[in-house]
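Below is one structure; the comments refer to it alone.
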Amino acid sequence: MSGDPWIWIGAVLTLMIFSFLYKDNPFYKFGEHLFVGVANGYYIVYYWHNALKPNLFEPLSAGQFLYVVPLLLGLLYFTRFIPRISWLVRIPIGFTIGWGAGLSIPAYFQADVLRQLEGTVVTPATFSNTLHGIYAVIILIGVACTLIYFYFSREHKGVLGSASKLGIMFIMIGFGASFGYTVMARVSLLIGRIQFLLGPWLGLID
Amino acid sequence: MKWYDRIATIDRRIIYVLLTVLVILPFFVKVTIPQKIMPQTQKLFDFIESIPPNDRAVMISFDYSPQTQPECHPMAKALLKHCFARDIPVIGLSFDPEAPGLAVDALVSVEREIDSLATRKEDSIVYGVDYVYLGWKSGRIAAQLDMGEAIAGVFPRDYYGNLIDSLPLMQNVKNYKDIAIVVILAAADYPIDWIRYPQTRYGVKVAAGLTAVMAPQYYPFLQTGQVSGLMSGMKGAAEYEKLVLEHGYACALGTAETGMNSQSMIHLLIMLFIILGNVGYFFARRAGKAPR
């Protein structure tokens with residue numbers, strides 16, 4: 001069993017959180033509140049020392065007065081709390097949206113739309129490997145039928161209805177795969193905690 | 001209470017106890033469930049294999065937090081072992097504020113492991129020569145784009161406060177032209193920014209090691225070639241550990257491979273409960289006790 005007090009703190013807090021699996025209790029509540037408090041404290045201190053101080057206050061104190069502009073823009077967010085001048089918050093919001101949209105729209109269109117459309121194109125070259133050709137056709141059918149499922153301008157009857165039904169099957173397969181991966185992820189976290197309890201704390205495994 | 005009601009309403013605490021027992025059991029009882037290497041993990045491994053030694057660097061973005069350590073930390077260690085064993089320089093950095101501590105832990109523990117086995121001075125790992133950790137930076141999109149011009153412009157100093165230009169490794173690594181691939185180890189949607197911005201503008205190769213929850217989102221990018229390889233959750237980490245061991249780049253498996261036996265057992269149990277729940281529901285519905 002470990003003699004390191006930090007390992008003990010980690011182990012006891014882990015058990016406190018796991019106690020919720022039986023039912024809600026004061027130990028769980030303590031662990032939960034402690035986690036929220038520590039996480040907030042960590043983020044505040046981290047951002048102060050690694051973002052605000054080196055990127056804003058140090059350049060300002062070194063006489064780089066151009067940094068007054070981002071400082072003012074940042075401070076304008078706090079006008080939200082003063083009803084008389086709360087309209088000023090629109091300035092930093094407008095700046096952020098303008099910058100964000102200008103940067104992300106072309107990049108999003110290129111990476112998420114055009115390249116993904118390319119991925120659904122089936123050409124004779126796709127069949128140079130038969131298996132890849134079959135996959136490409138399945139992807140093409142899946143994309144088309146899923147899009148038809150979300151096409152609401154006409155009633156889903158006849159060919160449109162059949163394609164829409166096939167589309168929902170593809171969607172369900174997607175949900176199933178996501179659910180399976182989510183289960184795997186959550187179980188992985190449990191395994192990680194058990195490995196910590198059995199290994200560093202109890203010393204029963206390497 | 002009828003039998004079908006009983007199997008459809010098993011007390012959740014019984015399920016938790018069974019889950020815990022099945023997680024613990026494989027650590028003490030030898031259970032070997034074979035793991036098949038998935039093509040996306042093999043693809044990443046092959047890409048790293050194709051990088052010539054002492055040529056272009058691999059950039060690893062450590063963007064996971066302690067909560068997801070069981071999935072992403074073994075990936076980091078296996079990938080680092082692979083790079084160091086093949087003399088591929090590594091540049092580490094982070095955009096997740098919780099990641100730097102874990103990144104340093106992964107880098108230092110792999111460095112110590114390799115150094116403890118090294119018989120010659122040349123085989124040991126030297127900070128600043130074999131790897132550099134740049135630390136954390138806020139405003140990740142701007143930082144990712146600016147690194148296309150000059151990494152030193154974004155990170156003038158490394159995590160330890162050394163001037164970037166003073167580090168021997170960084171004399172040869174100026175921007176993305178000197179980076180063979182960026183591997184993002186993440187528990188959140190960080191890789192998409194690398195695909196949308198540096199890849200679109202500078203053509204950077206991107207690969208990812210993701211928590212299993214995140215992985216399905218990136219399969220479309222894998223299919224289009226925007227992602228050059230993918231490790232999916234603990235399974236992906238275990239596969240990479242296995243590949244690294246099989247190729248002689250490590251002398252033992254990591255924590256992911258041992259965890260996968262528990263993982264497989266749990267999956268069987270969950271499948272059993274899903275079947276039991278559905279059988280219970282089916283018969284209850286036939287008896288007119290459950291809503292249709």
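Identifiers in this document derive from the order of the structure tokens: chains are assigned A, B, ..., residues are numbered from 1 separately in each chain, and ligands are numbered from 1 in order of occurrence.
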**Message:** Only residues of chain A matter here; which ones have an atom within 10 Å of chain B, counting only C-alpha atoms? Give them as an NGL selection string.
**Reply:** :A and (21-23 or 39 or 42-43 or 46-47 or 50-52 or 55 or 100 or 103-112 or 115-120 or 136 or 139 or 174-175 or 177-196 or 198 or 204-206)
Selection file, C-alpha atoms, as a compact mmCIF listing (two decimals), in the first residue's frame:
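Resulting contents of out25.txt:
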# COMPACT_ATOMS: atom_id res chain seq x y z
CA LEU A 21 -23.27 4.61 -7.35
CA TYR A 22 -24.93 3.33 -4.19
CA LYS A 23 -26.84 6.54 -3.47
CA ALA A 39 -10.95 23.11 -11.14
CA TYR A 42 -6.77 26.00 -11.35
CA TYR A 43 -8.24 27.67 -14.43
CA TYR A 46 -3.52 29.19 -15.03
CA TYR A 47 -5.08 31.82 -17.27
CA ASN A 50 -0.11 31.93 -18.85
CA ALA A 51 -2.49 34.16 -20.78
CA LEU A 52 -3.35 37.51 -19.18
CA ASN A 55 0.09 38.38 -23.29
CA GLY A 100 -14.46 34.39 -36.22
CA LEU A 103 -11.67 33.10 -40.45
CA SER A 104 -13.94 30.10 -40.15
CA ILE A 105 -16.37 30.33 -43.10
CA PRO A 106 -13.83 29.70 -45.90
CA ALA A 107 -11.94 27.13 -43.80
CA TYR A 108 -15.15 25.34 -42.82
CA PHE A 109 -16.39 25.32 -46.41
CA GLN A 110 -13.10 23.92 -47.67
CA ALA A 111 -12.51 21.28 -44.98
CA ASP A 112 -16.04 20.22 -44.04
CA ARG A 115 -13.44 17.83 -49.15
CA GLN A 116 -16.31 15.78 -47.73
CA LEU A 117 -18.18 16.08 -51.04
CA GLU A 118 -15.05 14.86 -52.80
CA GLY A 119 -15.11 11.86 -50.48
CA THR A 120 -18.50 10.77 -51.80
CA ALA A 136 -17.51 4.03 -51.83
CA ILE A 139 -21.04 5.77 -48.63
CA GLY A 174 -24.35 5.77 -36.98
CA PHE A 175 -26.05 6.24 -33.61
CA ALA A 177 -21.63 3.01 -33.52
CA SER A 178 -21.48 6.24 -31.50
CA PHE A 179 -23.24 4.56 -28.56
CA GLY A 180 -20.81 1.62 -28.68
CA TYR A 181 -17.84 4.00 -28.69
CA THR A 182 -19.35 6.00 -25.81
CA VAL A 183 -19.74 2.83 -23.72
CA MET A 184 -16.12 1.95 -24.51
CA ALA A 185 -14.96 5.44 -23.47
CA ARG A 186 -16.83 5.40 -20.16
CA VAL A 187 -15.65 1.89 -19.33
CA SER A 188 -12.08 3.00 -20.14
CA LEU A 189 -12.35 5.71 -17.49
CA LEU A 190 -13.56 3.14 -14.94
CA ILE A 191 -10.66 0.83 -15.87
CA GLY A 192 -8.26 3.75 -15.43
CA ARG A 193 -9.54 4.45 -11.93
CA ILE A 194 -9.46 0.77 -10.95
CA GLN A 195 -5.89 0.52 -12.29
CA PHE A 196 -5.01 3.52 -10.09
CA LEU A 198 -5.13 -1.46 -7.51
CA LEU A 204 -1.61 -5.18 -5.97
CA ILE A 205 -0.73 -4.78 -9.67
CA ASP A 206 2.27 -3.28 -11.54
Among range 49-252 of chain B, which residues does DSSP mark as strand (DSSP E) when it is run on the backbone? Keep the chain and numbering as in the structure and answer as a tab-separated table (two decimals) with N, CA and C atoms, in the first residue's frame.
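What ended up in selection33.tsv:
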chain	number	residue	atom	x	y	z
B	57	ALA	N	10.34	16.60	-38.13
B	57	ALA	CA	9.85	16.28	-36.78
B	57	ALA	C	8.39	15.86	-36.78
B	58	VAL	N	8.00	15.20	-35.69
B	58	VAL	CA	6.59	14.91	-35.44
B	58	VAL	C	6.13	15.89	-34.37
B	59	MET	N	5.06	16.61	-34.66
B	59	MET	CA	4.52	17.55	-33.67
B	59	MET	C	3.37	16.85	-32.94
B	60	ILE	N	3.45	16.78	-31.63
B	60	ILE	CA	2.37	16.14	-30.86
B	60	ILE	C	1.67	17.21	-30.03
B	61	SER	N	0.38	17.37	-30.27
B	61	SER	CA	-0.40	18.32	-29.50
B	61	SER	C	-1.11	17.54	-28.38
B	62	PHE	N	-0.64	17.74	-27.16
B	62	PHE	CA	-1.22	17.04	-26.01
B	62	PHE	C	-2.42	17.85	-25.53
B	63	ASP	N	-3.61	17.39	-25.85
B	63	ASP	CA	-4.81	18.18	-25.51
B	63	ASP	C	-5.84	17.34	-24.75
B	90	VAL	N	10.76	15.13	-31.80
B	90	VAL	CA	9.39	15.37	-31.34
B	90	VAL	C	9.26	16.80	-30.81
B	91	ILE	N	8.22	17.48	-31.29
B	91	ILE	CA	7.90	18.81	-30.75
B	91	ILE	C	6.55	18.68	-30.06
B	92	GLY	N	6.51	18.90	-28.77
B	92	GLY	CA	5.25	18.82	-28.03
B	92	GLY	C	4.69	20.20	-27.75
B	93	LEU	N	3.38	20.28	-27.69
B	93	LEU	CA	2.73	21.55	-27.32
B	93	LEU	C	1.32	21.23	-26.83
B	94	SER	N	0.65	22.21	-26.26
B	94	SER	CA	-0.72	21.98	-25.76
B	94	SER	C	-1.59	23.21	-25.96
B	131	TYR	N	13.85	16.08	-28.28
B	131	TYR	CA	12.49	16.59	-28.16
B	131	TYR	C	12.47	17.95	-27.46
B	132	VAL	N	11.37	18.64	-27.70
B	132	VAL	CA	11.15	19.95	-27.07
B	132	VAL	C	9.69	20.01	-26.67
B	133	TYR	N	9.40	20.56	-25.51
B	133	TYR	CA	8.00	20.78	-25.15
B	133	TYR	C	7.78	22.29	-25.06
B	134	LEU	N	6.92	22.79	-25.94
B	134	LEU	CA	6.72	24.23	-26.06
B	134	LEU	C	5.80	24.80	-24.99
B	135	GLY	N	4.97	23.95	-24.41
B	135	GLY	CA	4.05	24.43	-23.37
B	135	GLY	C	2.68	24.75	-23.93
B	136	TRP	N	1.94	25.57	-23.20
B	136	TRP	CA	0.54	25.87	-23.53
B	136	TRP	C	0.42	27.26	-24.12
B	179	ILE	N	7.81	19.92	-40.36
B	179	ILE	CA	7.00	18.99	-39.56
B	179	ILE	C	6.41	17.93	-40.50
B	180	ALA	N	6.67	16.66	-40.21
B	180	ALA	CA	6.15	15.59	-41.07
B	180	ALA	C	4.66	15.39	-40.85
B	181	ILE	N	4.25	15.45	-39.61
B	181	ILE	CA	2.82	15.24	-39.28
B	181	ILE	C	2.53	15.85	-37.90
B	182	VAL	N	1.32	16.32	-37.73
B	182	VAL	CA	0.87	16.79	-36.41
B	182	VAL	C	-0.08	15.71	-35.87
B	183	VAL	N	0.24	15.16	-34.72
B	183	VAL	CA	-0.65	14.16	-34.09
B	183	VAL	C	-1.31	14.83	-32.89
B	184	ILE	N	-2.63	14.89	-32.92
B	184	ILE	CA	-3.35	15.54	-31.82
B	184	ILE	C	-3.92	14.47	-30.92
B	185	LEU	N	-3.51	14.48	-29.66
B	185	LEU	CA	-4.05	13.54	-28.67
B	185	LEU	C	-5.06	14.32	-27.85
B	186	ALA	N	-6.33	14.06	-28.10
B	186	ALA	CA	-7.32	14.98	-27.55
B	186	ALA	C	-8.55	14.28	-26.98
B	206	VAL	N	-2.27	15.67	-40.79
B	206	VAL	CA	-2.86	15.61	-39.45
B	206	VAL	C	-3.28	14.17	-39.13
B	207	ALA	N	-2.96	13.73	-37.92
B	207	ALA	CA	-3.46	12.45	-37.40
B	207	ALA	C	-3.97	12.70	-36.00
B	208	ALA	N	-4.71	11.74	-35.45
B	208	ALA	CA	-5.29	11.99	-34.13
B	208	ALA	C	-5.32	10.73	-33.27
B	209	GLY	N	-5.23	10.97	-31.98
B	209	GLY	CA	-5.48	9.92	-30.98
B	209	GLY	C	-6.57	10.47	-30.10
B	210	LEU	N	-7.75	9.86	-30.19
B	210	LEU	CA	-8.92	10.46	-29.55
B	210	LEU	C	-9.57	9.54	-28.54
B	230	LEU	N	-5.55	7.26	-37.13
B	230	LEU	CA	-6.42	7.54	-35.99
B	230	LEU	C	-6.29	6.44	-34.95
B	231	MET	N	-6.08	6.85	-33.70
B	231	MET	CA	-6.15	5.89	-32.59
B	231	MET	C	-7.46	6.18	-31.86
B	232	SER	N	-8.32	5.17	-31.76
B	232	SER	CA	-9.65	5.39	-31.18
B	232	SER	C	-9.73	4.83	-29.77
**Item:** range 114-121 of chain B environment, 9 Å, only C-alpha atoms, sequence neighbours closer than 2 positions dropped, as a ChimeraX atom specification
**Value:** /B:81,84-85,109-112,123-125,250
Write out the residues from the selection above, keeping N, CA and C atoms, as a PDB file, in the first residue's frame.
ATOM      1  N   LYS B  81       7.486   6.494 -27.714  1.00  0.00           N
ATOM      2  CA  LYS B  81       8.468   5.396 -27.801  1.00  0.00           C
ATOM      3  C   LYS B  81       8.804   5.115 -29.255  1.00  0.00           C
ATOM      4  N   PHE B  84      10.958   8.119 -30.648  1.00  0.00           N
ATOM      5  CA  PHE B  84      12.318   8.148 -30.088  1.00  0.00           C
ATOM      6  C   PHE B  84      13.146   6.955 -30.585  1.00  0.00           C
ATOM      7  N   ALA B  85      12.491   5.787 -30.663  1.00  0.00           N
ATOM      8  CA  ALA B  85      13.221   4.599 -31.120  1.00  0.00           C
ATOM      9  C   ALA B  85      13.686   4.762 -32.561  1.00  0.00           C
ATOM     10  N   SER B 109       8.598  10.410 -18.515  1.00  0.00           N
ATOM     11  CA  SER B 109       8.603   8.982 -18.164  1.00  0.00           C
ATOM     12  C   SER B 109       9.144   8.133 -19.313  1.00  0.00           C
ATOM     13  N   VAL B 110       8.812   8.494 -20.554  1.00  0.00           N
ATOM     14  CA  VAL B 110       9.355   7.732 -21.709  1.00  0.00           C
ATOM     15  C   VAL B 110      10.857   7.995 -21.818  1.00  0.00           C
ATOM     16  N   GLU B 111      11.267   9.242 -21.598  1.00  0.00           N
ATOM     17  CA  GLU B 111      12.701   9.577 -21.649  1.00  0.00           C
ATOM     18  C   GLU B 111      13.466   8.735 -20.614  1.00  0.00           C
ATOM     19  N   ARG B 112      12.936   8.676 -19.388  1.00  0.00           N
ATOM     20  CA  ARG B 112      13.609   7.914 -18.317  1.00  0.00           C
ATOM     21  C   ARG B 112      13.667   6.426 -18.662  1.00  0.00           C
ATOM     22  N   ASP B 123      22.239   6.570 -27.432  1.00  0.00           N
ATOM     23  CA  ASP B 123      20.905   5.978 -27.366  1.00  0.00           C
ATOM     24  C   ASP B 123      19.996   6.689 -26.359  1.00  0.00           C
ATOM     25  N   SER B 124      20.578   7.530 -25.510  1.00  0.00           N
ATOM     26  CA  SER B 124      19.741   8.196 -24.502  1.00  0.00           C
ATOM     27  C   SER B 124      19.044   9.413 -25.116  1.00  0.00           C
ATOM     28  N   ILE B 125      18.002   9.848 -24.448  1.00  0.00           N
ATOM     29  CA  ILE B 125      17.177  10.957 -24.959  1.00  0.00           C
ATOM     30  C   ILE B 125      17.626  12.258 -24.280  1.00  0.00           C
ATOM     31  N   ALA B 250       9.704  -1.271 -28.057  1.00  0.00           N
ATOM     32  CA  ALA B 250       9.446  -1.240 -26.614  1.00  0.00           C
ATOM     33  C   ALA B 250       9.685  -2.640 -26.075  1.00  0.00           C
TER      34      ALA B 250
END
**Message:** Using Å and a single decimal, report how far CA of Ala237 in chain B sits from CA of Pro39 in chain B.
**Reply:** 13.3 Å
**Message:** Show me, as a list in words, the residues that have an atom within 10 Å of Leu13 in chain A when counting only C-alpha atoms, minus same-chain residues fewer than 2 positions from it.
**Reply:**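 Here the qualifying residues turn out to be Ile7, Trp8, Ile9, Gly10, Ala11, Leu15, Met16, Ile17, Phe18, Ser19, Phe27, Tyr28, Phe30, Gly31, Glu32, Leu34 and Phe35 of chain A.
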Save out the residues we just selected, C-alpha atoms, as a PDB file, in the first residue's frame.
ATOM      1  CA  ILE A   7      -1.943   8.942  -3.769  1.00  0.00           C
ATOM      2  CA  TRP A   8      -4.099   8.531  -0.661  1.00  0.00           C
ATOM      3  CA  ILE A   9      -5.936  11.797  -1.342  1.00  0.00           C
ATOM      4  CA  GLY A  10      -6.580  10.665  -4.944  1.00  0.00           C
ATOM      5  CA  ALA A  11      -7.770   7.240  -3.811  1.00  0.00           C
ATOM      6  CA  LEU A  15     -13.981   6.291  -3.525  1.00  0.00           C
ATOM      7  CA  MET A  16     -16.025   9.303  -2.387  1.00  0.00           C
ATOM      8  CA  ILE A  17     -17.188   9.920  -5.964  1.00  0.00           C
ATOM      9  CA  PHE A  18     -17.864   6.189  -6.555  1.00  0.00           C
ATOM     10  CA  SER A  19     -20.062   6.139  -3.422  1.00  0.00           C
ATOM     11  CA  PHE A  27     -19.049  12.113   0.953  1.00  0.00           C
ATOM     12  CA  TYR A  28     -20.008  12.316  -2.725  1.00  0.00           C
ATOM     13  CA  PHE A  30     -17.886  16.842  -0.626  1.00  0.00           C
ATOM     14  CA  GLY A  31     -15.856  15.255  -3.443  1.00  0.00           C
ATOM     15  CA  GLU A  32     -17.994  16.921  -6.105  1.00  0.00           C
ATOM     16  CA  LEU A  34     -14.069  20.057  -3.961  1.00  0.00           C
ATOM     17  CA  PHE A  35     -13.556  19.105  -7.612  1.00  0.00           C
TER      18      PHE A  35
END
**Message:** Residues within 12 Å of Gly153 in chain B, please, as a PyMOL selection string. Count only C-alpha atoms; anything in the same chain fewer than 2 positions from it doesn't count.
**Reply:** chain B and resi 134+137+142-151+155-158+163-165+174-175
**Near-range 87-91 of chain A list (9 Å; only C-alpha atoms; drop same-chain fewer than 6 positions) as a PyMOL selection string** = chain A and resi 73+76-80
Residues from the last selection, N, CA and C atoms, saved as a PDB file, in the first residue's frame:
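To be explicit, this is the file written out as result.pdb:
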ATOM      1  N   LEU A  73     -11.261  46.373 -25.278  1.00  0.00           N
ATOM      2  CA  LEU A  73     -12.277  45.483 -25.867  1.00  0.00           C
ATOM      3  C   LEU A  73     -12.725  44.446 -24.845  1.00  0.00           C
ATOM      4  N   LEU A  76     -14.902  45.975 -22.146  1.00  0.00           N
ATOM      5  CA  LEU A  76     -16.258  46.328 -22.597  1.00  0.00           C
ATOM      6  C   LEU A  76     -17.265  45.193 -22.356  1.00  0.00           C
ATOM      7  N   TYR A  77     -16.763  43.947 -22.262  1.00  0.00           N
ATOM      8  CA  TYR A  77     -17.675  42.831 -21.956  1.00  0.00           C
ATOM      9  C   TYR A  77     -18.365  43.039 -20.604  1.00  0.00           C
ATOM     10  N   PHE A  78     -17.650  43.701 -19.677  1.00  0.00           N
ATOM     11  CA  PHE A  78     -18.201  43.894 -18.329  1.00  0.00           C
ATOM     12  C   PHE A  78     -19.286  44.976 -18.281  1.00  0.00           C
ATOM     13  N   THR A  79     -19.442  45.739 -19.376  1.00  0.00           N
ATOM     14  CA  THR A  79     -20.510  46.750 -19.378  1.00  0.00           C
ATOM     15  C   THR A  79     -21.890  46.090 -19.338  1.00  0.00           C
ATOM     16  N   ARG A  80     -21.930  44.808 -19.624  1.00  0.00           N
ATOM     17  CA  ARG A  80     -23.166  44.013 -19.530  1.00  0.00           C
ATOM     18  C   ARG A  80     -23.812  44.166 -18.152  1.00  0.00           C
TER      19      ARG A  80
END
Which residues are near Val122 in chain A? Cut-off 8 Å, only C-alpha atoms, ignore same chain within fewer than 5 positions. Put them as a PDB file with N, CA and C atoms, in the first residue's frame.
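Output file out.pdb is given in full below:
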ATOM      1  N   GLY A 133     -14.175   0.061 -53.706  1.00  0.00           N
ATOM      2  CA  GLY A 133     -15.259   0.456 -54.612  1.00  0.00           C
ATOM      3  C   GLY A 133     -16.619   0.216 -53.968  1.00  0.00           C
ATOM      4  N   ALA A 136     -17.212   2.706 -51.270  1.00  0.00           N
ATOM      5  CA  ALA A 136     -17.515   4.028 -51.827  1.00  0.00           C
ATOM      6  C   ALA A 136     -18.978   4.111 -52.246  1.00  0.00           C
ATOM      7  N   VAL A 137     -19.482   3.018 -52.844  1.00  0.00           N
ATOM      8  CA  VAL A 137     -20.890   3.005 -53.273  1.00  0.00           C
ATOM      9  C   VAL A 137     -21.804   3.055 -52.040  1.00  0.00           C
ATOM     10  N   LEU A 140     -21.846   6.552 -50.787  1.00  0.00           N
ATOM     11  CA  LEU A 140     -22.658   7.418 -51.672  1.00  0.00           C
ATOM     12  C   LEU A 140     -24.150   7.213 -51.393  1.00  0.00           C
TER      13      LEU A 140
END
**Request:** Quote the spacing between CA of Thr41 in chain B and CA of Gly236 in chain B in Å to one decimal place.
**Result:** 6.3 Å
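Among the candidates B:Ala252, B:Val29, B:Ala284, B:Ile274, the one nearest to Arg6 in chain B when counting only C-alpha atoms is B:Ala284.
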